[in-house]
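Text of start16.cif, listed as mmCIF, N, CA and C atoms:
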data_final
#
loop_
_atom_site.label_atom_id
_atom_site.label_comp_id
_atom_site.auth_asym_id
_atom_site.auth_seq_id
_atom_site.Cartn_x
_atom_site.Cartn_y
_atom_site.Cartn_z
N MET A 218 43.29 -89.10 -132.81
CA MET A 218 42.81 -90.24 -132.07
C MET A 218 43.72 -91.41 -132.41
N THR A 219 44.79 -91.57 -131.63
CA THR A 219 45.75 -92.62 -131.92
C THR A 219 45.62 -93.80 -130.97
N GLU A 220 44.97 -93.60 -129.84
CA GLU A 220 44.86 -94.71 -128.90
C GLU A 220 43.70 -95.61 -129.26
N ARG A 221 43.79 -96.86 -128.79
CA ARG A 221 42.73 -97.82 -129.04
C ARG A 221 41.78 -97.84 -127.86
N LYS A 222 40.57 -98.32 -128.14
CA LYS A 222 39.58 -98.44 -127.07
C LYS A 222 40.08 -99.49 -126.07
N PRO A 223 40.14 -99.11 -124.79
CA PRO A 223 40.59 -100.09 -123.80
C PRO A 223 39.56 -101.21 -123.62
N PRO A 224 40.03 -102.40 -123.32
CA PRO A 224 39.08 -103.49 -123.09
C PRO A 224 38.24 -103.19 -121.84
N GLY A 225 37.00 -103.59 -121.87
CA GLY A 225 36.13 -103.41 -120.71
C GLY A 225 35.40 -102.07 -120.69
N VAL A 226 35.77 -101.17 -121.57
CA VAL A 226 35.08 -99.87 -121.63
C VAL A 226 34.11 -99.94 -122.80
N SER A 227 32.87 -99.51 -122.54
CA SER A 227 31.89 -99.58 -123.62
C SER A 227 32.31 -98.64 -124.75
N PHE A 228 31.96 -99.00 -125.96
CA PHE A 228 32.36 -98.21 -127.12
C PHE A 228 31.79 -96.81 -127.02
N GLU A 229 30.51 -96.70 -126.62
CA GLU A 229 29.88 -95.39 -126.58
C GLU A 229 30.58 -94.48 -125.58
N SER A 230 30.90 -94.94 -124.40
CA SER A 230 31.53 -94.06 -123.42
C SER A 230 32.95 -93.70 -123.86
N TRP A 231 33.63 -94.61 -124.56
CA TRP A 231 34.98 -94.30 -125.04
C TRP A 231 34.92 -93.22 -126.11
N VAL A 232 33.95 -93.31 -127.03
CA VAL A 232 33.78 -92.31 -128.07
C VAL A 232 33.40 -90.97 -127.45
N ASP A 233 32.47 -90.99 -126.49
CA ASP A 233 32.07 -89.75 -125.82
C ASP A 233 33.26 -89.07 -125.17
N LYS A 234 34.12 -89.87 -124.55
CA LYS A 234 35.32 -89.32 -123.89
C LYS A 234 36.24 -88.68 -124.93
N GLN A 235 36.43 -89.35 -126.09
CA GLN A 235 37.29 -88.80 -127.14
C GLN A 235 36.74 -87.47 -127.65
N ILE A 236 35.43 -87.40 -127.85
CA ILE A 236 34.80 -86.17 -128.33
C ILE A 236 34.95 -85.06 -127.30
N ARG A 237 34.66 -85.37 -126.03
CA ARG A 237 34.76 -84.36 -124.98
C ARG A 237 36.18 -83.82 -124.86
N GLU A 238 37.18 -84.70 -124.90
CA GLU A 238 38.57 -84.25 -124.79
C GLU A 238 38.98 -83.40 -125.98
N SER A 239 38.54 -83.77 -127.16
CA SER A 239 38.85 -82.97 -128.34
C SER A 239 38.19 -81.61 -128.26
N ASP A 240 36.94 -81.57 -127.78
CA ASP A 240 36.24 -80.30 -127.61
C ASP A 240 36.96 -79.42 -126.59
N GLU A 241 37.43 -80.01 -125.52
CA GLU A 241 38.16 -79.24 -124.50
C GLU A 241 39.46 -78.67 -125.06
N ARG A 242 40.09 -79.39 -125.96
CA ARG A 242 41.33 -78.89 -126.59
C ARG A 242 41.03 -77.86 -127.69
N GLY A 243 39.76 -77.68 -128.04
CA GLY A 243 39.39 -76.74 -129.10
C GLY A 243 39.50 -77.34 -130.48
N GLY A 244 39.46 -78.65 -130.57
CA GLY A 244 39.65 -79.33 -131.84
C GLY A 244 38.54 -79.09 -132.85
N PHE A 245 37.36 -78.67 -132.40
CA PHE A 245 36.25 -78.46 -133.33
C PHE A 245 36.15 -77.02 -133.80
N GLU A 246 36.84 -76.12 -133.14
CA GLU A 246 36.69 -74.69 -133.44
C GLU A 246 37.27 -74.30 -134.78
N ARG A 247 38.19 -75.08 -135.29
CA ARG A 247 38.82 -74.74 -136.57
C ARG A 247 38.12 -75.41 -137.76
N LEU A 248 37.07 -76.14 -137.50
CA LEU A 248 36.37 -76.82 -138.58
C LEU A 248 35.53 -75.84 -139.39
N PRO A 249 35.43 -76.05 -140.72
CA PRO A 249 34.59 -75.15 -141.51
C PRO A 249 33.13 -75.28 -141.06
N GLY A 250 32.48 -74.16 -140.94
CA GLY A 250 31.08 -74.16 -140.54
C GLY A 250 30.87 -74.15 -139.04
N PHE A 251 31.95 -74.06 -138.25
CA PHE A 251 31.82 -74.04 -136.79
C PHE A 251 30.95 -72.86 -136.36
N GLY A 252 29.94 -73.13 -135.56
CA GLY A 252 29.08 -72.08 -135.04
C GLY A 252 27.99 -71.64 -136.00
N LYS A 253 27.91 -72.27 -137.16
CA LYS A 253 26.89 -71.91 -138.14
C LYS A 253 25.81 -72.99 -138.16
N PRO A 254 24.58 -72.63 -138.51
CA PRO A 254 23.52 -73.65 -138.57
C PRO A 254 23.78 -74.62 -139.72
N LEU A 255 23.27 -75.81 -139.56
CA LEU A 255 23.42 -76.81 -140.61
C LEU A 255 22.58 -76.38 -141.82
N PRO A 256 23.16 -76.50 -143.02
CA PRO A 256 22.40 -76.07 -144.21
C PRO A 256 21.26 -77.04 -144.52
N HIS A 257 20.23 -76.52 -145.11
CA HIS A 257 19.11 -77.31 -145.65
C HIS A 257 18.29 -78.05 -144.60
N LEU A 258 18.29 -77.57 -143.36
CA LEU A 258 17.48 -78.24 -142.33
C LEU A 258 15.98 -78.09 -142.61
N ASP A 259 15.61 -77.08 -143.37
CA ASP A 259 14.20 -76.84 -143.66
C ASP A 259 13.69 -77.69 -144.83
N ARG A 260 14.56 -78.42 -145.49
CA ARG A 260 14.16 -79.25 -146.63
C ARG A 260 13.84 -80.67 -146.18
N PRO A 261 13.00 -81.37 -146.94
CA PRO A 261 12.76 -82.79 -146.61
C PRO A 261 14.03 -83.61 -146.82
N TYR A 262 14.14 -84.71 -146.10
CA TYR A 262 15.34 -85.54 -146.19
C TYR A 262 15.45 -86.18 -147.56
N ASP A 263 16.66 -86.18 -148.10
CA ASP A 263 16.94 -86.78 -149.40
C ASP A 263 18.15 -87.70 -149.22
N GLU A 264 17.97 -88.98 -149.53
CA GLU A 264 19.05 -89.95 -149.34
C GLU A 264 20.30 -89.63 -150.15
N THR A 265 20.13 -88.95 -151.26
CA THR A 265 21.27 -88.67 -152.13
C THR A 265 21.80 -87.25 -151.96
N TRP A 266 21.52 -86.64 -150.80
CA TRP A 266 21.94 -85.25 -150.58
C TRP A 266 23.44 -85.09 -150.75
N TRP A 267 24.21 -86.06 -150.27
CA TRP A 267 25.68 -85.93 -150.31
C TRP A 267 26.19 -86.01 -151.75
N ILE A 268 25.52 -86.79 -152.60
CA ILE A 268 25.93 -86.87 -154.01
C ILE A 268 25.66 -85.53 -154.69
N LYS A 269 24.48 -84.98 -154.44
CA LYS A 269 24.12 -83.70 -155.04
C LYS A 269 25.05 -82.58 -154.57
N GLU A 270 25.39 -82.59 -153.27
CA GLU A 270 26.31 -81.58 -152.74
C GLU A 270 27.68 -81.69 -153.40
N LYS A 271 28.20 -82.91 -153.54
CA LYS A 271 29.52 -83.11 -154.14
C LYS A 271 29.51 -82.68 -155.61
N MET A 272 28.46 -83.04 -156.33
CA MET A 272 28.38 -82.66 -157.74
C MET A 272 28.29 -81.14 -157.88
N SER A 273 27.56 -80.50 -156.98
CA SER A 273 27.46 -79.04 -157.01
C SER A 273 28.81 -78.40 -156.69
N ARG A 274 29.47 -78.91 -155.65
CA ARG A 274 30.78 -78.38 -155.24
C ARG A 274 31.81 -78.51 -156.35
N GLU A 275 31.78 -79.63 -157.06
CA GLU A 275 32.77 -79.89 -158.10
C GLU A 275 32.26 -79.50 -159.49
N GLN A 276 31.13 -78.84 -159.52
CA GLN A 276 30.51 -78.35 -160.75
C GLN A 276 30.38 -79.46 -161.80
N LEU A 277 29.80 -80.58 -161.35
CA LEU A 277 29.56 -81.72 -162.22
C LEU A 277 28.07 -81.81 -162.50
N SER A 278 27.72 -82.47 -163.57
CA SER A 278 26.32 -82.73 -163.83
C SER A 278 26.20 -84.13 -164.42
N PHE A 279 25.05 -84.70 -164.24
CA PHE A 279 24.82 -86.02 -164.81
C PHE A 279 23.74 -85.89 -165.87
N LEU A 280 24.18 -85.59 -167.05
CA LEU A 280 23.27 -85.48 -168.18
C LEU A 280 23.64 -86.58 -169.17
N PRO A 281 22.66 -87.05 -169.93
CA PRO A 281 23.01 -87.98 -171.01
C PRO A 281 24.01 -87.29 -171.94
N PRO A 282 24.91 -88.04 -172.56
CA PRO A 282 25.94 -87.44 -173.39
C PRO A 282 25.42 -86.47 -174.45
N THR A 283 24.27 -86.77 -175.06
CA THR A 283 23.76 -85.86 -176.09
C THR A 283 23.33 -84.52 -175.49
N LEU A 284 22.69 -84.56 -174.32
CA LEU A 284 22.27 -83.31 -173.69
C LEU A 284 23.48 -82.53 -173.18
N ALA A 285 24.49 -83.24 -172.68
CA ALA A 285 25.71 -82.56 -172.24
C ALA A 285 26.39 -81.86 -173.42
N LEU A 286 26.41 -82.52 -174.58
CA LEU A 286 27.03 -81.91 -175.75
C LEU A 286 26.22 -80.71 -176.24
N ARG A 287 24.90 -80.81 -176.17
CA ARG A 287 24.07 -79.65 -176.53
C ARG A 287 24.39 -78.45 -175.64
N LYS A 288 24.52 -78.73 -174.35
CA LYS A 288 24.84 -77.66 -173.40
C LYS A 288 26.22 -77.07 -173.70
N GLU A 289 27.20 -77.94 -173.95
CA GLU A 289 28.55 -77.46 -174.29
C GLU A 289 28.53 -76.61 -175.56
N ALA A 290 27.73 -77.04 -176.55
CA ALA A 290 27.65 -76.29 -177.82
C ALA A 290 27.05 -74.91 -177.57
N GLU A 291 26.03 -74.86 -176.73
CA GLU A 291 25.41 -73.57 -176.40
C GLU A 291 26.41 -72.65 -175.70
N GLU A 292 27.15 -73.21 -174.74
CA GLU A 292 28.15 -72.42 -174.02
C GLU A 292 29.30 -72.00 -174.95
N ALA A 293 29.68 -72.88 -175.87
CA ALA A 293 30.76 -72.55 -176.81
C ALA A 293 30.34 -71.42 -177.74
N LEU A 294 29.10 -71.44 -178.20
CA LEU A 294 28.61 -70.38 -179.08
C LEU A 294 28.61 -69.04 -178.35
N LYS A 295 28.20 -69.07 -177.09
CA LYS A 295 28.21 -67.84 -176.29
C LYS A 295 29.64 -67.36 -176.07
N ALA A 296 30.55 -68.29 -175.74
CA ALA A 296 31.96 -67.92 -175.53
C ALA A 296 32.58 -67.38 -176.81
N ALA A 297 32.20 -67.96 -177.94
CA ALA A 297 32.73 -67.50 -179.22
C ALA A 297 32.25 -66.08 -179.52
N ALA A 298 30.99 -65.80 -179.21
CA ALA A 298 30.45 -64.46 -179.45
C ALA A 298 31.16 -63.42 -178.59
N GLU A 299 31.63 -63.83 -177.42
CA GLU A 299 32.32 -62.91 -176.51
C GLU A 299 33.84 -63.02 -176.61
N ALA A 300 34.33 -63.76 -177.59
CA ALA A 300 35.77 -63.99 -177.75
C ALA A 300 36.50 -62.66 -177.97
N PRO A 301 37.73 -62.55 -177.45
CA PRO A 301 38.48 -61.31 -177.60
C PRO A 301 39.01 -61.08 -179.01
N SER A 302 39.08 -62.16 -179.80
CA SER A 302 39.58 -62.01 -181.16
C SER A 302 38.88 -63.01 -182.07
N GLU A 303 38.99 -62.76 -183.37
CA GLU A 303 38.39 -63.67 -184.33
C GLU A 303 39.10 -65.03 -184.29
N ALA A 304 40.40 -65.00 -184.04
CA ALA A 304 41.15 -66.25 -183.94
C ALA A 304 40.64 -67.10 -182.78
N ALA A 305 40.33 -66.45 -181.66
CA ALA A 305 39.80 -67.18 -180.51
C ALA A 305 38.42 -67.76 -180.85
N LEU A 306 37.59 -66.98 -181.53
CA LEU A 306 36.28 -67.46 -181.96
C LEU A 306 36.43 -68.71 -182.82
N ARG A 307 37.33 -68.65 -183.79
CA ARG A 307 37.54 -69.79 -184.68
C ARG A 307 38.04 -71.03 -183.92
N ARG A 308 38.92 -70.82 -182.95
CA ARG A 308 39.43 -71.94 -182.16
C ARG A 308 38.31 -72.59 -181.35
N ILE A 309 37.49 -71.77 -180.69
CA ILE A 309 36.39 -72.28 -179.87
C ILE A 309 35.41 -73.07 -180.73
N LEU A 310 35.02 -72.50 -181.86
CA LEU A 310 34.03 -73.18 -182.71
C LEU A 310 34.60 -74.41 -183.40
N THR A 311 35.88 -74.38 -183.74
CA THR A 311 36.50 -75.57 -184.35
C THR A 311 36.50 -76.73 -183.37
N GLU A 312 36.82 -76.44 -182.10
CA GLU A 312 36.84 -77.50 -181.08
C GLU A 312 35.46 -78.11 -180.88
N ILE A 313 34.43 -77.27 -180.75
CA ILE A 313 33.09 -77.82 -180.54
C ILE A 313 32.57 -78.50 -181.80
N ASN A 314 32.90 -77.97 -182.98
CA ASN A 314 32.49 -78.63 -184.22
C ASN A 314 33.09 -80.03 -184.33
N ASP A 315 34.35 -80.19 -183.91
CA ASP A 315 34.98 -81.52 -183.93
C ASP A 315 34.20 -82.49 -183.04
N ARG A 316 33.78 -82.01 -181.88
CA ARG A 316 33.03 -82.87 -180.95
C ARG A 316 31.65 -83.20 -181.53
N ILE A 317 31.02 -82.21 -182.17
CA ILE A 317 29.70 -82.45 -182.77
C ILE A 317 29.82 -83.47 -183.91
N ARG A 318 30.83 -83.31 -184.75
CA ARG A 318 31.03 -84.26 -185.87
C ARG A 318 31.27 -85.68 -185.35
N ALA A 319 32.06 -85.80 -184.28
CA ALA A 319 32.32 -87.13 -183.69
C ALA A 319 31.03 -87.74 -183.17
N ALA A 320 30.18 -86.92 -182.54
CA ALA A 320 28.91 -87.42 -182.02
C ALA A 320 27.95 -87.79 -183.15
N LEU A 321 28.02 -87.08 -184.25
CA LEU A 321 27.16 -87.41 -185.39
C LEU A 321 27.62 -88.71 -186.06
N ALA A 322 28.93 -88.94 -186.06
CA ALA A 322 29.48 -90.15 -186.68
C ALA A 322 29.16 -91.40 -185.86
N ALA A 323 29.20 -91.28 -184.55
CA ALA A 323 28.90 -92.40 -183.65
C ALA A 323 27.95 -91.87 -182.58
N PRO A 324 26.66 -91.86 -182.85
CA PRO A 324 25.71 -91.25 -181.93
C PRO A 324 25.80 -91.80 -180.51
N PRO A 325 25.97 -90.90 -179.52
CA PRO A 325 26.02 -91.35 -178.13
C PRO A 325 24.62 -91.66 -177.60
N GLU A 326 24.56 -92.19 -176.38
CA GLU A 326 23.28 -92.51 -175.76
C GLU A 326 22.53 -91.24 -175.43
N GLY A 327 21.22 -91.39 -175.33
CA GLY A 327 20.39 -90.27 -174.92
C GLY A 327 19.46 -89.84 -176.03
N PRO A 328 18.78 -88.74 -175.78
CA PRO A 328 17.86 -88.24 -176.80
C PRO A 328 18.61 -87.80 -178.04
N PRO A 329 17.90 -87.57 -179.14
CA PRO A 329 18.58 -87.15 -180.37
C PRO A 329 19.43 -85.91 -180.15
N LEU A 330 20.56 -85.84 -180.83
CA LEU A 330 21.50 -84.74 -180.66
C LEU A 330 20.94 -83.43 -181.20
N ASN A 331 20.30 -83.47 -182.34
CA ASN A 331 19.71 -82.27 -182.95
C ASN A 331 20.70 -81.11 -183.06
N LEU A 332 21.92 -81.42 -183.44
CA LEU A 332 22.96 -80.39 -183.63
C LEU A 332 23.63 -80.61 -184.97
N VAL A 333 24.07 -79.55 -185.55
CA VAL A 333 24.94 -79.61 -186.73
C VAL A 333 26.12 -78.70 -186.42
N PRO A 334 27.26 -78.95 -187.04
CA PRO A 334 28.41 -78.08 -186.77
C PRO A 334 28.08 -76.62 -187.11
N PHE A 335 28.64 -75.72 -186.32
CA PHE A 335 28.41 -74.29 -186.54
C PHE A 335 29.12 -73.83 -187.81
N ASP A 336 28.53 -72.88 -188.50
CA ASP A 336 29.13 -72.26 -189.68
C ASP A 336 30.11 -71.20 -189.16
N ILE A 337 31.38 -71.56 -189.15
CA ILE A 337 32.39 -70.68 -188.56
C ILE A 337 32.49 -69.36 -189.32
N GLU A 338 32.40 -69.40 -190.63
CA GLU A 338 32.48 -68.17 -191.41
C GLU A 338 31.33 -67.23 -191.09
N GLU A 339 30.13 -67.77 -190.95
CA GLU A 339 28.97 -66.94 -190.61
C GLU A 339 29.13 -66.34 -189.22
N GLN A 340 29.59 -67.16 -188.26
CA GLN A 340 29.79 -66.65 -186.90
C GLN A 340 30.89 -65.60 -186.86
N ALA A 341 31.93 -65.79 -187.67
CA ALA A 341 33.01 -64.79 -187.74
C ALA A 341 32.49 -63.50 -188.34
N ARG A 342 31.63 -63.58 -189.35
CA ARG A 342 31.04 -62.38 -189.95
C ARG A 342 30.22 -61.62 -188.91
N ILE A 343 29.40 -62.35 -188.15
CA ILE A 343 28.59 -61.73 -187.08
C ILE A 343 29.50 -61.09 -186.04
N TRP A 344 30.58 -61.79 -185.68
CA TRP A 344 31.53 -61.27 -184.68
C TRP A 344 32.17 -59.97 -185.18
N ARG A 345 32.59 -59.97 -186.44
CA ARG A 345 33.22 -58.76 -187.00
C ARG A 345 32.23 -57.60 -187.03
N ALA A 346 30.99 -57.87 -187.38
CA ALA A 346 29.97 -56.81 -187.40
C ALA A 346 29.75 -56.23 -186.01
N ARG A 347 29.75 -57.09 -185.00
CA ARG A 347 29.56 -56.65 -183.63
C ARG A 347 30.74 -55.87 -183.09
N HIS A 348 31.92 -56.27 -183.49
CA HIS A 348 33.14 -55.66 -182.95
C HIS A 348 33.74 -54.60 -183.87
N GLY A 349 33.07 -54.32 -184.95
CA GLY A 349 33.52 -53.26 -185.85
C GLY A 349 34.84 -53.53 -186.55
N SER A 350 35.12 -54.81 -186.79
CA SER A 350 36.38 -55.15 -187.49
C SER A 350 36.10 -55.40 -188.95
#
For this file, write the structure as structure tokens.
Amino acid sequence: MTERKPPGVSFESWVDKQIRESDERGGFERLPGFGKPLPHLDRPYDETWWIKEKMSREQLSFLPPTLALRKEAEEALKAAAEAPSEAALRRILTEINDRIRAALAAPPEGPPLNLVPFDIEEQARIWRARHGS
């Protein structure tokens, strides 16, 4: 749409003409979701739907920093348990322990952290027992 609305033509009829011409050229057929029903039509209207969709698409969450760190610690412990090597386990737990120690030194906003650094030696012992090393 490079042309400007001509003077004397109502905005609505000019827009309708642009849409009709684009449709005739097949301009809408290549759009994602063409021919598919609109998602979430059965749900009540939510003013922040677009924010929630974007956060879901980009895998973002809005948690207080302490809850986000708790979640990261939980995921790190799981990743460490499934680590391909003991060295990988130690790297994963060292990184999350550094973040936990930093949060304990300067408590972030949100509910209490309720975390202590993981005992890497204990987790390595459990990993070795599980993997037969």
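Comparing A:Glu303, A:Asp240, A:Phe228, A:Arg318 by their smallest distance to Glu338 of chain A, the closest is A:Glu303 (using only C-alpha atoms).
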Checklist entry - How would you write, as a PyMOL selection string, the residues chosen by the PyMOL selection byres (((chain A and resi 335 and name CA) around 10) and name CA) on this structure? => result chain A and resi 290+294+310-311+313-314+317+332-334+336-340
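Proximity of A:Ser278, A:Arg345, A:Asn331, A:Glu264 to Ala304 of chain A, computed with only C-alpha atoms, is greatest for A:Arg345.
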Next on the checklist: Using DSSP assignments from the backbone, pull out every residue in segment 244-331 of chain A that falls under helix (DSSP H, G or I) and give it to me as a ChimeraX atom specification.
Outcome noted: /A:266-274,282-298,303-322
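From atom N of Ile343 of chain A back to atom C of Glu291 of chain A, the distance works out to 16.4 Å.
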Using only N, CA and C atoms and a cutoff of 6 Å, can you tell me which residues are near (30.4, -58.7, -180.1) in the file's coordinates, and write them out as an mmCIF file with N, CA and C atoms, keeping the file's coordinate frame?
data_model
loop_
_atom_site.group_PDB
_atom_site.id
_atom_site.type_symbol
_atom_site.label_atom_id
_atom_site.label_comp_id
_atom_site.auth_asym_id
_atom_site.auth_seq_id
_atom_site.Cartn_x
_atom_site.Cartn_y
_atom_site.Cartn_z
ATOM 1 N N ALA A 298 30.990 -65.800 -179.210
ATOM 2 C CA ALA A 298 30.450 -64.460 -179.450
ATOM 3 C C ALA A 298 31.160 -63.420 -178.590
ATOM 4 N N GLU A 299 31.630 -63.830 -177.420
ATOM 5 C CA GLU A 299 32.320 -62.910 -176.510
ATOM 6 C C GLU A 299 33.840 -63.020 -176.610
ATOM 7 N N TRP A 344 30.580 -61.790 -185.680
ATOM 8 C CA TRP A 344 31.530 -61.270 -184.680
ATOM 9 C C TRP A 344 32.170 -59.970 -185.180
ATOM 10 N N ARG A 347 29.750 -57.090 -185.000
ATOM 11 C CA ARG A 347 29.560 -56.650 -183.630
ATOM 12 C C ARG A 347 30.740 -55.870 -183.090
ATOM 13 N N HIS A 348 31.920 -56.270 -183.490
ATOM 14 C CA HIS A 348 33.140 -55.660 -182.950
ATOM 15 C C HIS A 348 33.740 -54.600 -183.870
#
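Candidate residues A:Ile309, A:Ala297, A:Leu286, A:Ala346 were compared for distance to Leu330 of chain A, and the nearest is A:Leu286, using only N, CA and C atoms.
The space separating atom CA of Gln235 of chain A from atom CA of Gly252 of chain A comes to 20.2 Å.
Interatomic distance, atom C of Glu229 of chain A to atom CA of Arg242 of chain A: 19.0 Å.
Excluding Pro325 of chain A itself and any same-chain residue fewer than 5 positions from it, the protein and nucleic acid residues within 6.5 Å of it, counting all atoms listed in the file, are Pro282, Thr283 and Ala320 of chain A.
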